[in-house]
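Listing of protein-v5.txt, compact mmCIF, C-alpha atoms
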```
# COMPACT_ATOMS: atom_id res chain seq x y z
CA MET C 1 25.55 22.02 -6.38
CA SER C 2 28.54 19.69 -6.07
CA VAL C 3 31.50 21.59 -7.50
CA PRO C 4 33.93 18.63 -7.34
CA MET C 5 31.50 16.30 -9.13
CA THR C 6 30.66 18.95 -11.73
CA LEU C 7 34.35 19.60 -12.46
CA LEU C 8 34.98 15.84 -12.63
CA GLY C 9 32.03 15.51 -15.01
CA LEU C 10 33.34 18.29 -17.26
CA VAL C 11 36.78 16.72 -17.47
CA ASP C 12 35.22 13.29 -18.05
CA ALA C 13 33.07 14.61 -20.93
CA VAL C 14 36.07 16.19 -22.67
CA PRO C 15 39.68 16.36 -21.38
CA ARG C 16 40.33 20.03 -20.59
CA HIS C 17 42.80 22.34 -18.95
CA GLY C 18 41.81 24.34 -15.91
CA TYR C 19 41.09 27.58 -17.73
CA GLU C 20 38.68 25.85 -20.10
CA VAL C 21 37.01 24.00 -17.20
CA LYS C 22 36.31 27.36 -15.54
CA LYS C 23 35.00 28.86 -18.78
CA VAL C 24 32.54 26.01 -19.35
CA TYR C 25 31.55 25.86 -15.66
CA ASP C 26 30.81 29.59 -15.53
CA ALA C 27 28.85 29.45 -18.80
CA HIS C 28 26.54 26.60 -17.74
CA PHE C 29 26.61 26.27 -13.97
CA GLY C 30 28.03 29.43 -12.44
CA GLY C 31 25.00 31.69 -12.85
CA GLU C 32 25.78 34.89 -11.01
CA ARG C 33 28.62 33.21 -9.12
CA PRO C 34 31.55 32.39 -11.37
CA LEU C 35 33.93 29.79 -10.04
CA LYS C 36 36.83 31.35 -8.14
CA VAL C 37 40.23 30.46 -9.59
CA GLY C 38 41.47 29.36 -6.18
CA GLN C 39 38.55 26.98 -5.73
CA LEU C 40 39.00 25.67 -9.28
CA TYR C 41 42.63 24.68 -8.82
CA SER C 42 42.27 23.41 -5.26
CA THR C 43 39.37 21.19 -6.40
CA LEU C 44 41.29 19.92 -9.43
CA GLY C 45 44.20 19.25 -7.07
CA ARG C 46 42.01 17.16 -4.76
CA LEU C 47 40.54 15.24 -7.71
CA GLU C 48 44.05 14.47 -8.92
CA ARG C 49 45.18 13.49 -5.42
CA ASP C 50 42.18 11.11 -5.20
CA ALA C 51 43.21 9.61 -8.58
CA LEU C 52 39.92 10.62 -10.20
CA ILE C 53 41.64 12.78 -12.81
CA ALA C 54 45.18 12.70 -14.22
CA PRO C 55 47.27 14.93 -16.51
CA ALA C 56 46.74 13.99 -20.15
CA GLY C 57 49.09 16.24 -22.07
CA VAL C 58 49.28 20.00 -22.54
CA GLY C 59 47.11 22.46 -24.41
CA GLN C 60 47.87 25.93 -25.62
CA ASP C 61 44.87 27.74 -27.14
CA GLY C 62 47.11 30.57 -28.25
CA GLY C 63 48.25 31.26 -24.67
CA PRO C 64 50.73 29.68 -22.28
CA GLU C 65 50.96 25.90 -22.08
CA ARG C 66 48.42 24.47 -19.70
CA THR C 67 48.02 20.96 -18.27
CA VAL C 68 45.08 19.13 -19.76
CA TYR C 69 43.25 16.83 -17.34
CA ALA C 70 41.24 13.73 -18.18
CA ALA C 71 39.13 11.49 -15.96
CA THR C 72 40.74 8.22 -14.88
CA VAL C 73 38.85 4.93 -14.98
CA ALA C 74 37.97 5.46 -11.32
CA GLY C 75 36.87 9.01 -12.09
CA ARG C 76 34.66 7.84 -14.92
CA GLY C 77 33.11 5.24 -12.63
CA ARG C 78 32.44 7.90 -10.01
CA VAL C 79 30.64 10.05 -12.61
CA GLU C 80 28.54 7.07 -13.81
CA SER C 81 27.53 6.27 -10.25
CA TRP C 82 26.68 9.90 -9.48
CA LEU C 83 24.50 10.25 -12.59
CA ALA C 84 22.69 7.00 -11.81
CA THR C 85 21.86 7.98 -8.22
CA ALA C 86 18.82 10.06 -7.31
CA GLU C 87 19.43 13.20 -5.27
CA PRO C 88 17.69 13.42 -1.90
CA ASP C 89 14.92 16.02 -1.78
CA ALA C 90 16.62 19.30 -0.88
CA PRO C 91 16.13 23.03 -1.49
CA TYR C 92 18.75 23.19 -4.27
CA LEU C 93 17.80 19.96 -5.95
CA GLN C 94 17.12 21.59 -9.32
CA SER C 95 20.66 22.90 -9.74
CA VAL C 96 22.23 19.51 -9.01
CA VAL C 97 19.86 17.59 -11.26
CA PHE C 98 20.27 20.17 -14.00
CA ALA C 99 24.06 19.84 -13.74
CA LYS C 100 23.72 16.07 -14.07
CA VAL C 101 21.50 16.44 -17.15
CA LEU C 102 23.94 18.81 -18.86
CA LEU C 103 26.94 16.63 -18.00
CA ALA C 104 25.15 13.52 -19.26
CA LEU C 105 24.42 15.30 -22.56
CA MET C 106 28.00 16.59 -22.81
CA SER C 107 29.43 13.10 -22.28
CA GLY C 108 27.01 11.31 -24.62
CA ARG C 109 25.19 9.53 -21.80
CA ALA C 110 21.42 8.99 -21.48
CA ALA C 111 20.23 12.26 -19.93
CA ASP C 112 16.63 11.03 -19.91
CA ARG C 113 17.73 8.23 -17.59
CA VAL C 114 19.03 10.79 -15.08
CA LEU C 115 15.59 12.37 -15.06
CA GLU C 116 13.80 9.01 -14.79
CA VAL C 117 15.91 7.97 -11.80
CA GLN C 118 15.11 11.23 -10.05
CA ARG C 119 11.45 10.98 -10.99
CA ALA C 120 11.15 7.47 -9.56
CA ALA C 121 12.73 8.59 -6.28
CA HIS C 122 10.37 11.55 -6.06
CA LEU C 123 7.32 9.37 -6.66
CA VAL C 124 8.40 7.05 -3.84
CA LEU C 125 8.55 10.09 -1.55
CA MET C 126 5.19 11.33 -2.80
CA ARG C 127 3.61 7.98 -2.00
CA ARG C 128 4.97 8.06 1.53
CA TRP C 129 3.76 11.60 2.12
CA THR C 130 0.38 10.83 0.56
CA VAL C 131 -0.08 8.05 3.14
CA ARG C 132 1.08 10.39 5.92
CA ARG C 133 -1.39 12.99 4.74
CA ARG C 134 -4.22 10.48 4.74
CA GLU C 135 -3.31 9.30 8.24
CA ALA C 136 -2.71 12.80 9.63
CA ALA C 137 -4.24 13.17 13.06
CA SER C 138 -4.79 16.92 12.72
CA THR C 139 -5.34 19.59 10.08
CA GLU C 140 -1.93 21.00 10.99
CA ALA C 141 -0.26 17.69 10.20
CA MET C 142 -2.26 17.40 6.97
CA LEU C 143 -1.16 20.87 5.86
CA GLY C 144 2.43 19.99 6.70
CA ALA C 145 2.17 16.96 4.44
CA ASP C 146 0.51 19.10 1.74
CA PHE C 147 3.46 21.49 1.84
CA VAL C 148 5.90 18.67 1.14
CA LEU C 149 3.65 17.18 -1.56
CA PHE C 150 3.25 20.47 -3.41
CA HIS C 151 7.03 20.96 -3.43
CA LEU C 152 7.65 17.43 -4.66
CA ASP C 153 5.03 17.98 -7.35
CA ALA C 154 6.76 21.19 -8.45
CA ASP C 155 10.06 19.30 -8.76
CA LEU C 156 8.35 16.58 -10.80
CA ARG C 157 6.79 19.12 -13.15
CA TRP C 158 10.22 20.62 -13.70
CA LEU C 159 11.63 17.14 -14.41
CA ASP C 160 8.86 16.59 -16.98
CA ALA C 161 9.51 19.98 -18.58
CA THR C 162 13.23 19.21 -18.81
CA ALA C 163 12.55 15.78 -20.33
CA ALA C 164 10.37 17.42 -22.96
CA ARG C 165 13.19 19.81 -23.91
CA LEU C 166 16.16 17.43 -23.93
CA GLY C 167 16.40 17.41 -27.70
CA ARG C 168 16.58 21.17 -27.90
CA LEU C 169 19.04 21.32 -25.00
CA ALA C 170 21.30 18.77 -26.68
CA MET C 171 21.22 20.79 -29.89
CA GLU C 172 22.17 23.99 -28.09
CA LEU C 173 25.08 22.16 -26.45
CA GLY C 174 26.21 21.01 -29.86
CA GLN C 175 25.63 17.34 -29.02
CA MET Y 1 -9.92 -11.04 2.92
CA ASP Y 2 -8.89 -14.10 0.95
CA LEU Y 3 -7.89 -12.72 -2.43
CA THR Y 4 -7.84 -16.21 -3.92
CA GLU Y 5 -11.59 -16.40 -3.47
CA VAL Y 6 -12.13 -12.92 -4.82
CA THR Y 7 -9.93 -13.14 -7.87
CA GLY Y 8 -9.55 -16.81 -8.72
CA CYS Y 9 -5.79 -16.15 -8.74
CA GLY Y 10 -3.13 -16.80 -6.16
CA VAL Y 11 -2.10 -13.69 -4.26
CA GLY Y 12 0.68 -11.99 -6.23
CA ASP Y 13 -0.45 -13.68 -9.49
CA VAL Y 14 -1.10 -11.62 -12.56
CA LEU Y 15 -4.80 -10.76 -12.87
CA LEU Y 16 -4.62 -8.71 -16.04
CA ALA Y 17 -1.85 -8.27 -18.57
CA GLY Y 18 -1.22 -6.48 -21.83
CA GLU Y 19 1.53 -8.06 -23.97
CA SER Y 20 3.17 -6.14 -26.83
CA LEU Y 21 -0.01 -4.23 -27.60
CA ALA Y 22 -0.29 -2.27 -30.83
CA VAL Y 23 -3.16 -0.01 -31.92
CA SER Y 24 -3.45 2.35 -34.84
CA PHE Y 25 -6.21 4.79 -35.65
CA GLY Y 26 -6.00 4.92 -39.42
CA PRO Y 27 -2.38 5.70 -40.27
CA THR Y 28 -1.65 7.03 -36.78
CA PRO Y 29 -0.08 4.62 -34.30
CA ALA Y 30 -1.46 5.11 -30.79
CA LEU Y 31 0.25 2.10 -29.23
CA VAL Y 32 3.38 0.57 -30.70
CA ASP Y 33 4.62 -1.93 -28.13
CA ALA Y 34 2.95 -1.66 -24.75
CA SER Y 35 3.21 -4.32 -22.07
CA MET Y 36 2.20 -4.30 -18.44
CA THR Y 37 0.67 -6.44 -15.71
CA VAL Y 38 -1.80 -5.83 -12.90
CA SER Y 39 -1.92 -8.04 -9.82
CA PRO Y 40 -4.99 -8.54 -7.65
CA GLY Y 41 -5.59 -5.62 -5.32
CA GLU Y 42 -2.84 -3.35 -6.59
CA VAL Y 43 -3.24 0.22 -7.77
CA VAL Y 44 -1.24 0.97 -10.93
CA ALA Y 45 -0.92 4.43 -12.46
CA LEU Y 46 -0.35 4.90 -16.20
CA LEU Y 47 1.66 8.08 -16.46
CA GLY Y 48 2.74 10.03 -19.48
CA PRO Y 49 2.22 13.19 -21.52
CA SER Y 50 -0.94 13.87 -23.53
CA GLY Y 51 -1.08 11.73 -26.64
CA SER Y 52 1.34 9.12 -25.27
CA GLY Y 53 -1.21 6.29 -25.53
CA LYS Y 54 -2.22 5.95 -21.87
CA SER Y 55 -5.98 5.99 -22.47
CA THR Y 56 -5.66 3.69 -25.48
CA LEU Y 57 -3.74 1.23 -23.30
CA LEU Y 58 -6.42 1.45 -20.62
CA HIS Y 59 -9.18 0.84 -23.18
CA CYS Y 60 -7.36 -2.26 -24.47
CA LEU Y 61 -6.93 -3.65 -20.95
CA ALA Y 62 -10.60 -2.95 -20.18
CA GLY Y 63 -11.78 -4.84 -23.27
CA ILE Y 64 -13.30 -1.69 -24.75
CA LEU Y 65 -10.88 -1.63 -27.68
CA ARG Y 66 -9.48 -4.63 -29.55
CA PRO Y 67 -5.76 -4.16 -30.21
CA ASP Y 68 -4.37 -4.59 -33.72
CA GLY Y 69 -1.49 -6.59 -32.32
CA GLY Y 70 -0.44 -8.25 -29.08
CA ALA Y 71 -2.66 -9.82 -26.44
CA VAL Y 72 -4.72 -8.92 -23.40
CA MET Y 73 -4.85 -11.67 -20.79
CA TYR Y 74 -7.52 -11.57 -18.09
CA ARG Y 75 -7.42 -14.35 -15.48
CA GLY Y 76 -5.30 -16.38 -17.81
CA ARG Y 77 -7.56 -16.04 -20.88
CA ARG Y 78 -7.36 -13.92 -24.02
CA LEU Y 79 -9.73 -11.01 -23.47
CA ASP Y 80 -8.93 -9.47 -26.83
CA GLN Y 81 -10.07 -12.62 -28.65
CA ALA Y 82 -13.31 -13.01 -26.72
CA GLY Y 83 -16.57 -12.28 -28.54
CA ASP Y 84 -18.45 -9.01 -28.05
CA ALA Y 85 -21.02 -10.63 -25.72
CA ALA Y 86 -18.32 -12.21 -23.54
CA ARG Y 87 -16.38 -8.96 -23.29
CA SER Y 88 -19.55 -7.03 -22.43
CA ARG Y 89 -20.33 -9.54 -19.69
CA ILE Y 90 -16.82 -9.23 -18.22
CA ARG Y 91 -17.01 -5.43 -18.32
CA ARG Y 92 -20.40 -5.52 -16.64
CA ASP Y 93 -19.64 -8.13 -13.96
CA ASP Y 94 -15.91 -7.83 -13.27
CA PHE Y 95 -14.90 -4.27 -14.12
CA GLY Y 96 -15.83 -0.84 -12.84
CA PHE Y 97 -15.22 2.48 -14.60
CA VAL Y 98 -14.63 6.06 -13.49
CA PHE Y 99 -14.15 8.63 -16.24
CA GLN Y 100 -13.05 12.25 -16.14
CA PHE Y 101 -16.56 13.59 -16.44
CA GLY Y 102 -18.37 10.89 -14.48
CA GLN Y 103 -20.44 9.78 -17.43
CA LEU Y 104 -23.49 9.36 -15.21
CA VAL Y 105 -26.83 8.86 -16.94
CA PRO Y 106 -28.40 12.33 -16.79
CA GLU Y 107 -32.00 11.10 -16.71
CA LEU Y 108 -31.43 8.90 -13.64
CA THR Y 109 -31.01 10.02 -10.05
CA ALA Y 110 -27.73 9.49 -8.21
CA GLY Y 111 -29.25 6.46 -6.48
CA GLU Y 112 -30.48 5.01 -9.76
CA ASN Y 113 -27.10 5.57 -11.38
CA VAL Y 114 -25.36 3.62 -8.64
CA ALA Y 115 -27.96 0.83 -8.79
CA LEU Y 116 -27.67 0.55 -12.58
CA PRO Y 117 -24.73 -1.94 -12.76
CA LEU Y 118 -26.54 -4.18 -10.29
CA ARG Y 119 -29.79 -4.07 -12.28
CA LEU Y 120 -27.87 -4.87 -15.48
CA SER Y 121 -26.40 -7.90 -13.71
CA GLY Y 122 -29.86 -9.14 -12.78
CA VAL Y 123 -30.02 -8.01 -9.15
CA PRO Y 124 -33.67 -7.39 -8.12
CA ALA Y 125 -34.71 -3.74 -7.92
CA GLY Y 126 -35.26 -3.67 -4.15
CA GLU Y 127 -31.90 -5.19 -3.32
CA ALA Y 128 -30.13 -2.94 -5.86
CA ARG Y 129 -31.73 0.14 -4.27
CA VAL Y 130 -30.56 -0.90 -0.78
CA ARG Y 131 -26.99 -1.64 -1.90
CA ALA Y 132 -26.83 1.60 -3.88
CA GLY Y 133 -27.96 3.48 -0.78
CA GLU Y 134 -25.22 1.84 1.29
CA TRP Y 135 -22.60 2.90 -1.26
CA LEU Y 136 -23.86 6.47 -1.42
CA GLU Y 137 -23.52 6.51 2.38
CA ARG Y 138 -19.99 5.17 2.05
CA VAL Y 139 -18.97 7.97 -0.34
CA ASP Y 140 -20.69 10.52 1.87
CA VAL Y 141 -23.42 11.69 -0.53
CA ALA Y 142 -26.39 9.74 0.85
CA GLU Y 143 -28.49 12.89 1.08
CA LEU Y 144 -28.10 13.41 -2.69
CA ALA Y 145 -29.59 10.04 -3.72
CA GLY Y 146 -32.70 11.61 -5.23
CA ARG Y 147 -30.91 14.27 -7.26
CA ARG Y 148 -29.98 14.07 -10.94
CA PRO Y 149 -26.35 14.53 -12.07
CA GLY Y 150 -27.10 18.02 -13.38
CA GLU Y 151 -27.96 19.07 -9.84
CA LEU Y 152 -24.64 17.86 -8.41
CA SER Y 153 -21.25 19.56 -8.27
CA GLY Y 154 -18.30 18.01 -10.13
CA GLY Y 155 -16.91 16.54 -6.93
CA GLN Y 156 -20.28 15.08 -5.95
CA GLN Y 157 -20.72 13.55 -9.42
CA GLN Y 158 -17.34 11.86 -9.18
CA ARG Y 159 -18.19 10.41 -5.76
CA VAL Y 160 -21.37 8.97 -7.26
CA ALA Y 161 -19.26 7.64 -10.16
CA VAL Y 162 -16.89 5.97 -7.67
CA ALA Y 163 -19.85 4.37 -5.88
CA ARG Y 164 -21.24 3.16 -9.20
CA ALA Y 165 -17.86 1.69 -10.16
CA LEU Y 166 -17.50 -0.24 -6.90
CA VAL Y 167 -21.09 -1.27 -6.04
CA GLY Y 168 -20.87 -4.53 -7.98
CA GLY Y 169 -17.65 -5.65 -6.25
CA PRO Y 170 -15.46 -5.49 -9.36
CA ARG Y 171 -12.09 -7.18 -9.64
CA VAL Y 172 -10.63 -4.22 -11.55
CA VAL Y 173 -11.59 -0.55 -11.61
CA PHE Y 174 -10.45 1.50 -14.61
CA ALA Y 175 -10.18 5.22 -13.93
CA ASP Y 176 -9.31 7.59 -16.77
CA GLU Y 177 -8.27 11.01 -15.42
CA PRO Y 178 -10.83 10.70 -12.59
CA THR Y 179 -9.86 14.06 -11.10
CA GLY Y 180 -9.16 15.90 -14.35
CA ALA Y 181 -12.22 18.14 -14.05
CA LEU Y 182 -11.90 18.79 -10.30
CA ASP Y 183 -10.02 21.30 -8.18
CA SER Y 184 -7.14 19.86 -6.16
CA PHE Y 185 -9.12 19.68 -2.90
CA ASN Y 186 -11.97 17.66 -4.41
CA GLY Y 187 -9.49 15.67 -6.47
CA GLU Y 188 -7.74 14.54 -3.28
CA LEU Y 189 -11.08 13.54 -1.73
CA VAL Y 190 -12.07 11.47 -4.77
CA MET Y 191 -8.67 9.75 -4.98
CA ASP Y 192 -8.71 8.96 -1.24
CA LEU Y 193 -12.16 7.47 -1.64
CA LEU Y 194 -11.44 5.51 -4.81
CA THR Y 195 -8.16 3.94 -3.70
CA SER Y 196 -9.04 3.26 -0.06
CA THR Y 197 -12.40 1.64 -0.83
CA ALA Y 198 -10.96 -0.34 -3.75
CA ARG Y 199 -8.21 -1.62 -1.46
CA GLN Y 200 -10.78 -2.55 1.19
CA LEU Y 201 -12.63 -4.61 -1.44
CA GLY Y 202 -9.44 -6.15 -2.83
CA ALA Y 203 -10.14 -4.61 -6.25
CA ALA Y 204 -7.23 -3.66 -8.48
CA VAL Y 205 -7.23 -0.15 -9.94
CA VAL Y 206 -5.72 0.92 -13.27
CA LEU Y 207 -5.51 4.67 -13.28
CA VAL Y 208 -4.64 7.02 -16.16
CA THR Y 209 -3.30 10.39 -15.10
CA HIS Y 210 -0.81 13.09 -15.99
CA ASP Y 211 -1.01 14.43 -12.43
CA ASN Y 212 1.86 13.34 -10.17
CA ARG Y 213 -0.17 13.85 -7.01
CA VAL Y 214 -2.83 11.50 -8.35
CA ALA Y 215 -0.14 8.99 -9.33
CA ALA Y 216 1.14 9.10 -5.76
CA TYR Y 217 -2.01 7.22 -4.67
CA SER Y 218 -0.84 4.21 -6.66
CA ASP Y 219 1.43 1.35 -5.59
CA ARG Y 220 3.54 1.76 -8.71
CA GLU Y 221 3.55 3.51 -12.04
CA VAL Y 222 3.95 2.48 -15.66
CA VAL Y 223 5.28 5.27 -17.84
CA VAL Y 224 3.84 5.47 -21.35
CA ARG Y 225 5.71 7.46 -24.02
CA ASP Y 226 5.08 7.53 -27.74
CA GLY Y 227 2.89 4.43 -27.56
CA ARG Y 228 5.41 2.38 -25.61
CA THR Y 229 5.64 1.40 -21.98
CA ALA Y 230 8.99 2.50 -20.61
CA GLN Y 231 11.16 0.26 -18.49
CA ALA Y 232 10.39 0.92 -14.83
CA VAL Y 233 13.27 2.52 -12.93
CA PRO Y 234 13.72 0.96 -9.50
CA ALA Y 235 13.69 3.69 -6.87
```
Encoded form using structure tokens:
Amino acid sequence: MSVPMTLLGLVDAVPRHGYEVKKVYDAHFGGERPLKVGQLYSTLGRLERDALIAPAGVGQDGGPERTVYAATVAGRGRVESWLATAEPDAPYLQSVVFAKVLLALMSGRAADRVLEVQRAAHLVLMRRWTVRRREAASTEAMLGADFVLFHLDADLRWLDATAARLGRLAMELGQ
Amino acid sequence: MDLTEVTGCGVGDVLLAGESLAVSFGPTPALVDASMTVSPGEVVALLGPSGSGKSTLLHCLAGILRPDGGAVMYRGRRLDQAGDAARSRIRRDDFGFVFQFGQLVPELTAGENVALPLRLSGVPAGEARVRAGEWLERVDVAELAGRRPGELSGGQQQRVAVARALVGGPRVVFADEPTGALDSFNGELVMDLLTSTARQLGAAVVLVTHDNRVAAYSDREVVVRDGRTAQAVPA
């Protein structure tokens, strides 16, 4: 899970102050690990230093005044590029892709496109491993290829399941 | 192999194409706007959820179903506008078929099933028997030539179906969920056989599947959703 990109995506979807960013992050992406306040503000600081976000007024919410951050043009471009790029196959792929889907929905972007991009990349990998399996010189090598193929297939089935539920997900997010 | 001789097209040309195809079954649209191409020798997977229109698209491309709208072009000519006799001849001489349940003739032996397309094309019985035998050898079920489909396992039936689809040297093989009734091990064997032997012959394959591992045997995929072909995403 890329915390900087997720925070950038949240601020891009809706300008927010830090407290609200943490609330939304913990609700959708934190799971059993809420975002530490220190990490939140150090990450926001780096995003601001890199000119990806900038202060955009103050908010109150009944408490003290807090700086509201919004994505800059460069920040918005970085989010677009991130959503349009497939993630490499990795053990925690699902959490990153899921974050992208949620952020796309929150910001009114085409979440199905995120899934299609990832799907296409996975199928390319599956084709390569299918050839490697066919050309395997030993049963051991074939089983190694099978292991990769079954995992890729599991990822693809999850992508299909997510695509089938996008409408419901959008509704639950209030989009 | 010189694909120009096999296909009558230049290598990389379009062999078969569906353009803006529309099909309805009564009031229910099955295809709304489906377009795709198949080049000589390539393996294309039609992917999509159940009810998306994949099989309907395959049936249009194979000349089994006439679309209500759009066009099917085969070797530069309108297949959808050809008469029944012409379409039957093309299906018999140029196309091969593998279905989910084999669709072998139950009263014929495995050998006779494989020889059947050749006999229907006018090949003499002796020659058809020899060629069928060679193909059964190729798909590794030569010893089952004398058995009827009911005496074969699902995997064995599908191997016979693959042999029957390829024995006539088709330009295009249409496979509709060819591994749908098989366990994953036998499914892999059948897909290996189908795609590798089709490629050796230079035959194109149009494959309907909802199984990603089956789709991975293809050169590329066309996604079908709600009766439409989705724009391919470059990977």
Give me the chain Y side of the contact with chain C, cut-off 12 Å, one line per residue showing its nearest atom pair and distance in Å at one decimal, counting all atoms listed in the file, sorted by chain and residue number, as a tab-separated table.
```
residue	atom	partner	partner_atom	distance
Y:Val43	CA	C:Arg127	CA	11.9
Y:Ala45	CA	C:Leu123	CA	11.2
Y:Leu47	CA	C:Asp160	CA	11.2
Y:Gly48	CA	C:Asp160	CA	9.3
Y:Pro49	CA	C:Asp160	CA	8.7
Y:Ser50	CA	C:Ala164	CA	11.9
Y:Ser184	CA	C:Phe150	CA	10.8
Y:Phe185	CA	C:Asp146	CA	10.7
Y:Glu188	CA	C:Arg134	CA	9.7
Y:Leu189	CA	C:Arg134	CA	9.9
Y:Met191	CA	C:Thr130	CA	10.7
Y:Asp192	CA	C:Arg134	CA	7.6
Y:Leu193	CA	C:Arg134	CA	10.6
Y:Thr195	CA	C:Val131	CA	11.4
Y:Ser196	CA	C:Arg134	CA	9.9
Y:His210	CA	C:Arg157	CA	10.1
Y:Asp211	CA	C:Asp153	CA	8.7
Y:Asn212	CA	C:Asp153	CA	6.3
Y:Arg213	CA	C:Asp153	CA	6.6
Y:Val214	CA	C:Thr130	CA	9.5
Y:Ala215	CA	C:Leu123	CA	7.9
Y:Ala216	CA	C:Arg127	CA	4.6
Y:Tyr217	CA	C:Arg127	CA	6.3
Y:Ser218	CA	C:Arg127	CA	7.5
Y:Asp219	CA	C:Arg127	CA	7.8
Y:Arg220	CA	C:Val124	CA	8.7
Y:Glu221	CA	C:Leu123	CA	8.8
Y:Val222	CA	C:Ala120	CA	10.7
Y:Val223	CA	C:Glu116	CA	9.8
Y:Arg225	CA	C:Ala164	CA	11.0
Y:Ala230	CA	C:Glu116	CA	10.0
Y:Gln231	CA	C:Glu116	CA	9.9
Y:Ala232	CA	C:Ala120	CA	8.4
Y:Val233	CA	C:Val117	CA	6.2
Y:Pro234	CA	C:Ala120	CA	7.0
Y:Ala235	CA	C:Ala121	CA	5.0
```
Nearest to Val160 in chain Y: which of Y:Ser39, Y:Ser24, Y:Asn186, Y:Asn113 is it, counting only C-alpha atoms? Y:Asn113
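Counting from CA of Glu112 in chain Y, the distance to CA of Val190 in chain Y is 20.1 Å.
The space between CA of Gly154 in chain Y and CA of Phe101 in chain Y spans 7.9 Å.
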For a quick check of understanding, using only C-alpha atoms, which of C:Leu143, C:Glu32, C:Pro4, C:Ala110 has the smallest distance to Gly45 in chain C? C:Pro4
Given the point (41.2, 16.7, -15.9) in the file's coordinates, find the residues that have an atom at most 10 Å from it, counting only C-alpha atoms, and give them as a PyMOL selection string. chain C and resi 7-18+21+44-45+47-48+52-56+67-72+75
How would the residues just picked look written out with C-alpha atoms as a PDB file, keeping the file's coordinate frame?
```pdb
ATOM      1  CA  LEU C   7      34.350  19.600 -12.460  1.00  0.00           C
ATOM      2  CA  LEU C   8      34.980  15.840 -12.630  1.00  0.00           C
ATOM      3  CA  GLY C   9      32.030  15.510 -15.010  1.00  0.00           C
ATOM      4  CA  LEU C  10      33.340  18.290 -17.260  1.00  0.00           C
ATOM      5  CA  VAL C  11      36.780  16.720 -17.470  1.00  0.00           C
ATOM      6  CA  ASP C  12      35.220  13.290 -18.050  1.00  0.00           C
ATOM      7  CA  ALA C  13      33.070  14.610 -20.930  1.00  0.00           C
ATOM      8  CA  VAL C  14      36.070  16.190 -22.670  1.00  0.00           C
ATOM      9  CA  PRO C  15      39.680  16.360 -21.380  1.00  0.00           C
ATOM     10  CA  ARG C  16      40.330  20.030 -20.590  1.00  0.00           C
ATOM     11  CA  HIS C  17      42.800  22.340 -18.950  1.00  0.00           C
ATOM     12  CA  GLY C  18      41.810  24.340 -15.910  1.00  0.00           C
ATOM     13  CA  VAL C  21      37.010  24.000 -17.200  1.00  0.00           C
ATOM     14  CA  LEU C  44      41.290  19.920  -9.430  1.00  0.00           C
ATOM     15  CA  GLY C  45      44.200  19.250  -7.070  1.00  0.00           C
ATOM     16  CA  LEU C  47      40.540  15.240  -7.710  1.00  0.00           C
ATOM     17  CA  GLU C  48      44.050  14.470  -8.920  1.00  0.00           C
ATOM     18  CA  LEU C  52      39.920  10.620 -10.200  1.00  0.00           C
ATOM     19  CA  ILE C  53      41.640  12.780 -12.810  1.00  0.00           C
ATOM     20  CA  ALA C  54      45.180  12.700 -14.220  1.00  0.00           C
ATOM     21  CA  PRO C  55      47.270  14.930 -16.510  1.00  0.00           C
ATOM     22  CA  ALA C  56      46.740  13.990 -20.150  1.00  0.00           C
ATOM     23  CA  THR C  67      48.020  20.960 -18.270  1.00  0.00           C
ATOM     24  CA  VAL C  68      45.080  19.130 -19.760  1.00  0.00           C
ATOM     25  CA  TYR C  69      43.250  16.830 -17.340  1.00  0.00           C
ATOM     26  CA  ALA C  70      41.240  13.730 -18.180  1.00  0.00           C
ATOM     27  CA  ALA C  71      39.130  11.490 -15.960  1.00  0.00           C
ATOM     28  CA  THR C  72      40.740   8.220 -14.880  1.00  0.00           C
ATOM     29  CA  GLY C  75      36.870   9.010 -12.090  1.00  0.00           C
TER      30      GLY C  75
END
```
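Taking all atoms listed in the file into account, Ala198 in chain Y lies nearest to Y:Phe97 out of the set Y:Ser153, Y:Phe97, Y:Ser88, Y:Glu107.
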Starting from the structure just given, write a file holding range 119-125 of chain Y with N, CA and C atoms, as a tab-separated table (two decimals), in the first residue's frame.
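Generated output (selection_30.tsv):
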```tsv
chain	number	residue	atom	x	y	z
Y	119	ARG	N	-15.04	-37.09	-44.93
Y	119	ARG	CA	-16.03	-37.81	-45.74
Y	119	ARG	C	-17.06	-36.82	-46.29
Y	120	LEU	N	-17.46	-35.85	-45.45
Y	120	LEU	CA	-18.45	-34.85	-45.89
Y	120	LEU	C	-17.88	-33.94	-46.96
Y	121	SER	N	-16.55	-33.83	-46.99
Y	121	SER	CA	-15.90	-33.00	-48.02
Y	121	SER	C	-15.57	-33.81	-49.26
Y	122	GLY	N	-15.93	-35.08	-49.27
Y	122	GLY	CA	-15.73	-35.90	-50.46
Y	122	GLY	C	-14.44	-36.70	-50.47
Y	123	VAL	N	-13.73	-36.75	-49.37
Y	123	VAL	CA	-12.49	-37.55	-49.32
Y	123	VAL	C	-12.88	-39.04	-49.29
Y	124	PRO	N	-12.23	-39.86	-50.10
Y	124	PRO	CA	-12.56	-41.30	-50.12
Y	124	PRO	C	-12.37	-41.94	-48.75
Y	125	ALA	N	-13.17	-42.97	-48.48
Y	125	ALA	CA	-13.22	-43.58	-47.15
Y	125	ALA	C	-11.85	-44.05	-46.66
```
